[in-house]
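Trainee: There's a structure below that I have some questions on.
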Amino acid sequence: MSWIVLVVSGVLEAVWATALGKTEGFSKWPPTLLFVVALVASMGGLAYAMRDLPVGTSYSVWVGIGAVLTVIYAMATGEEPVTIGKLVFLTMIIAGVVGLKLAH
């Protein structure tokens with residue numbers, strides 16, 4: 001169960017990171033509200049997962065999922081260019097996250 005919560009929390013990290021970029025310094029209320037809700041839920045899930053999983057593994061997986069999904073979203077919406085280099089390094093992050101799960 002902790003792994004499922006951790007993955008969902010990682011997805012929510014991508015949500016709050018993306019919403020933060022759209023708040024324009026917290027001057028736009030809808031993305032600001034989404035940021036706050038996703039941040040609290042993401043951190044709560046991370047804290048829950050850390051009750052059963054090692055801190056280093058939990059945090060690394062959480063950040064990895066959030067980072068990869070944030071970049072993929074930015075590429076899909078055209079906010080960031082898609083390059084071979086980015087795809088290679090995103091693949092490396094994904095491999096690292098999977099490796100941490102398998103090593104646990």
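Naming works like this for the structure tokens: A, B, ... for the chains as they're shown, residue 1 at the start of each chain, ligands 1 onward in shown order.
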If you run DSSP on the backbone here, which positions in chain A get alpha helix (DSSP H)? Please write them as number ranges by chain.
Mentor: A: 2-22, 29-49, 55-76, 84-103
Trainee: Might you pull out every residue within 8 Å of region 28-39 of chain A, with only C-alpha atoms counted and same-chain residues fewer than 4 positions away left off, and present them as a list in words?
Mentor: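 Skipping anything fewer than 4 positions along the chain leaves Leu12, Glu13, Val15, Trp16, Ala17, Ala19, Leu20, Lys22, Thr23, Glu24 and Met43 of chain A.
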Trainee: Would you mind telling me which residue in A:Ala47, A:Val8, A:Ala76, A:Val61 lies nearest to Gly99 (chain A) when using only C-alpha atoms?
Mentor: A:Val61
Trainee: Got a sec: who's within 12 Å of Gly96 (chain A), counting only C-alpha atoms, leaving out chain neighbours fewer than 2 positions off, as a JSON list (two decimals) with all heavy atoms, in the first residue's frame?
Mentor:
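Saved as selection_3.json:
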[["chain", "number", "residue", "atom", "x", "y", "z"],
["A", 57, "THR", "N", 14.86, 6.21, -0.24],
["A", 57, "THR", "CA", 14.14, 5.59, -1.35],
["A", 57, "THR", "C", 12.84, 6.33, -1.62],
["A", 57, "THR", "O", 12.52, 6.65, -2.77],
["A", 57, "THR", "CB", 13.85, 4.11, -1.04],
["A", 57, "THR", "OG1", 15.08, 3.42, -0.85],
["A", 57, "THR", "CG2", 13.07, 3.46, -2.16],
["A", 60, "SER", "N", 13.52, 9.81, -3.17],
["A", 60, "SER", "CA", 14.05, 9.69, -4.53],
["A", 60, "SER", "C", 12.98, 9.29, -5.53],
["A", 60, "SER", "O", 12.90, 9.84, -6.64],
["A", 60, "SER", "CB", 15.19, 8.68, -4.56],
["A", 60, "SER", "OG", 16.24, 9.09, -3.74],
["A", 61, "VAL", "N", 12.15, 8.33, -5.17],
["A", 61, "VAL", "CA", 11.07, 7.89, -6.05],
["A", 61, "VAL", "C", 10.06, 9.01, -6.24],
["A", 61, "VAL", "O", 9.62, 9.30, -7.35],
["A", 61, "VAL", "CB", 10.40, 6.61, -5.49],
["A", 61, "VAL", "CG1", 9.11, 6.29, -6.24],
["A", 61, "VAL", "CG2", 11.38, 5.44, -5.56],
["A", 62, "TRP", "N", 9.69, 9.68, -5.17],
["A", 62, "TRP", "CA", 8.73, 10.79, -5.21],
["A", 62, "TRP", "C", 9.23, 11.91, -6.13],
["A", 62, "TRP", "O", 8.50, 12.36, -7.01],
["A", 62, "TRP", "CB", 8.52, 11.29, -3.78],
["A", 62, "TRP", "CG", 7.57, 12.40, -3.58],
["A", 62, "TRP", "CD1", 6.20, 12.33, -3.61],
["A", 62, "TRP", "CD2", 7.90, 13.75, -3.26],
["A", 62, "TRP", "NE1", 5.68, 13.57, -3.33],
["A", 62, "TRP", "CE2", 6.68, 14.45, -3.10],
["A", 62, "TRP", "CE3", 9.09, 14.44, -3.08],
["A", 62, "TRP", "CZ2", 6.64, 15.80, -2.78],
["A", 62, "TRP", "CZ3", 9.04, 15.78, -2.76],
["A", 62, "TRP", "CH2", 7.83, 16.45, -2.61],
["A", 63, "VAL", "N", 10.47, 12.32, -5.94],
["A", 63, "VAL", "CA", 11.03, 13.38, -6.78],
["A", 63, "VAL", "C", 11.16, 12.92, -8.23],
["A", 63, "VAL", "O", 10.87, 13.67, -9.15],
["A", 63, "VAL", "CB", 12.42, 13.82, -6.23],
["A", 63, "VAL", "CG1", 13.14, 14.71, -7.22],
["A", 63, "VAL", "CG2", 12.25, 14.55, -4.91],
["A", 64, "GLY", "N", 11.61, 11.68, -8.42],
["A", 64, "GLY", "CA", 11.79, 11.17, -9.78],
["A", 64, "GLY", "C", 10.49, 11.15, -10.56],
["A", 64, "GLY", "O", 10.42, 11.61, -11.70],
["A", 65, "ILE", "N", 9.43, 10.64, -9.93],
["A", 65, "ILE", "CA", 8.13, 10.61, -10.60],
["A", 65, "ILE", "C", 7.67, 12.02, -10.91],
["A", 65, "ILE", "O", 7.23, 12.32, -12.02],
["A", 65, "ILE", "CB", 7.09, 9.85, -9.74],
["A", 65, "ILE", "CG1", 7.43, 8.37, -9.67],
["A", 65, "ILE", "CG2", 5.67, 10.07, -10.28],
["A", 65, "ILE", "CD1", 6.62, 7.60, -8.64],
["A", 68, "VAL", "N", 9.88, 13.68, -13.78],
["A", 68, "VAL", "CA", 9.63, 13.11, -15.11],
["A", 68, "VAL", "C", 8.27, 13.55, -15.64],
["A", 68, "VAL", "O", 8.14, 14.00, -16.78],
["A", 68, "VAL", "CB", 9.75, 11.57, -15.07],
["A", 68, "VAL", "CG1", 9.20, 10.95, -16.35],
["A", 68, "VAL", "CG2", 11.20, 11.16, -14.86],
["A", 89, "PHE", "N", 17.80, 11.35, -20.80],
["A", 89, "PHE", "CA", 17.95, 11.59, -19.36],
["A", 89, "PHE", "C", 16.67, 11.28, -18.57],
["A", 89, "PHE", "O", 16.75, 10.81, -17.44],
["A", 89, "PHE", "CB", 18.46, 13.00, -19.10],
["A", 89, "PHE", "CG", 19.88, 13.18, -19.57],
["A", 89, "PHE", "CD1", 20.18, 14.09, -20.57],
["A", 89, "PHE", "CD2", 20.91, 12.42, -19.05],
["A", 89, "PHE", "CE1", 21.48, 14.24, -21.03],
["A", 89, "PHE", "CE2", 22.21, 12.56, -19.49],
["A", 89, "PHE", "CZ", 22.50, 13.47, -20.49],
["A", 90, "LEU", "N", 15.52, 11.52, -19.17],
["A", 90, "LEU", "CA", 14.27, 11.12, -18.52],
["A", 90, "LEU", "C", 14.21, 9.61, -18.38],
["A", 90, "LEU", "O", 13.77, 9.09, -17.34],
["A", 90, "LEU", "CB", 13.06, 11.63, -19.31],
["A", 90, "LEU", "CG", 12.79, 13.13, -19.22],
["A", 90, "LEU", "CD1", 11.69, 13.52, -20.19],
["A", 90, "LEU", "CD2", 12.42, 13.54, -17.80],
["A", 91, "THR", "N", 14.67, 8.90, -19.40],
["A", 91, "THR", "CA", 14.72, 7.44, -19.33],
["A", 91, "THR", "C", 15.65, 6.98, -18.21],
["A", 91, "THR", "O", 15.35, 6.01, -17.50],
["A", 91, "THR", "CB", 15.17, 6.86, -20.69],
["A", 91, "THR", "OG1", 14.24, 7.29, -21.69],
["A", 91, "THR", "CG2", 15.22, 5.34, -20.66],
["A", 92, "MET", "N", 16.74, 7.68, -18.03],
["A", 92, "MET", "CA", 17.66, 7.34, -16.95],
["A", 92, "MET", "C", 17.01, 7.54, -15.58],
["A", 92, "MET", "O", 17.20, 6.72, -14.67],
["A", 92, "MET", "CB", 18.95, 8.17, -17.07],
["A", 92, "MET", "CG", 19.79, 7.78, -18.27],
["A", 92, "MET", "SD", 21.15, 8.91, -18.59],
["A", 92, "MET", "CE", 22.15, 8.71, -17.13],
["A", 93, "ILE", "N", 16.23, 8.62, -15.43],
["A", 93, "ILE", "CA", 15.53, 8.85, -14.16],
["A", 93, "ILE", "C", 14.53, 7.73, -13.91],
["A", 93, "ILE", "O", 14.44, 7.18, -12.80],
["A", 93, "ILE", "CB", 14.84, 10.23, -14.14],
["A", 93, "ILE", "CG1", 15.87, 11.35, -14.16],
["A", 93, "ILE", "CG2", 13.94, 10.36, -12.90],
["A", 93, "ILE", "CD1", 15.27, 12.74, -14.37],
["A", 94, "ILE", "N", 13.77, 7.37, -14.95],
["A", 94, "ILE", "CA", 12.78, 6.29, -14.81],
["A", 94, "ILE", "C", 13.48, 4.99, -14.43],
["A", 94, "ILE", "O", 13.01, 4.26, -13.54],
["A", 94, "ILE", "CB", 11.97, 6.14, -16.11],
["A", 94, "ILE", "CG1", 11.11, 7.38, -16.33],
["A", 94, "ILE", "CG2", 11.12, 4.87, -16.08],
["A", 94, "ILE", "CD1", 10.51, 7.50, -17.72],
["A", 98, "VAL", "N", 12.74, 2.78, -11.04],
["A", 98, "VAL", "CA", 12.41, 1.35, -11.10],
["A", 98, "VAL", "C", 13.47, 0.54, -10.35],
["A", 98, "VAL", "O", 13.15, -0.39, -9.60],
["A", 98, "VAL", "CB", 12.29, 0.87, -12.56],
["A", 98, "VAL", "CG1", 12.18, -0.63, -12.65],
["A", 98, "VAL", "CG2", 11.08, 1.53, -13.23],
["A", 99, "GLY", "N", 14.73, 0.91, -10.52],
["A", 99, "GLY", "CA", 15.81, 0.22, -9.81],
["A", 99, "GLY", "C", 15.67, 0.32, -8.30],
["A", 99, "GLY", "O", 15.89, -0.66, -7.58],
["A", 100, "LEU", "N", 15.27, 1.49, -7.80],
["A", 100, "LEU", "CA", 15.07, 1.64, -6.36],
["A", 100, "LEU", "C", 13.92, 0.76, -5.87],
["A", 100, "LEU", "O", 14.00, 0.18, -4.79],
["A", 100, "LEU", "CB", 14.79, 3.10, -6.03],
["A", 100, "LEU", "CG", 16.01, 4.03, -6.09],
["A", 100, "LEU", "CD1", 15.58, 5.48, -5.97],
["A", 100, "LEU", "CD2", 16.99, 3.69, -4.98],
["A", 101, "LYS", "N", 12.88, 0.64, -6.66],
["A", 101, "LYS", "CA", 11.76, -0.24, -6.27],
["A", 101, "LYS", "C", 12.23, -1.69, -6.24],
["A", 101, "LYS", "O", 11.93, -2.42, -5.30],
["A", 101, "LYS", "CB", 10.60, -0.05, -7.26],
["A", 101, "LYS", "CG", 9.52, -1.10, -7.20],
["A", 101, "LYS", "CD", 8.81, -1.14, -5.86],
["A", 101, "LYS", "CE", 7.62, -2.09, -5.91],
["A", 101, "LYS", "NZ", 7.55, -2.99, -4.80],
["A", 102, "LEU", "N", 12.96, -2.10, -7.27],
["A", 102, "LEU", "CA", 13.43, -3.48, -7.34],
["A", 102, "LEU", "C", 14.45, -3.79, -6.24],
["A", 102, "LEU", "O", 14.48, -4.91, -5.73],
["A", 102, "LEU", "CB", 14.02, -3.78, -8.71],
["A", 102, "LEU", "CG", 13.03, -3.71, -9.88],
["A", 102, "LEU", "CD1", 13.77, -3.91, -11.20],
["A", 102, "LEU", "CD2", 11.91, -4.73, -9.71],
["A", 103, "ALA", "N", 15.25, -2.83, -5.89],
["A", 103, "ALA", "CA", 16.27, -3.03, -4.85],
["A", 103, "ALA", "C", 15.67, -3.07, -3.45],
["A", 103, "ALA", "O", 16.30, -3.56, -2.51],
["A", 103, "ALA", "CB", 17.33, -1.94, -4.93]]
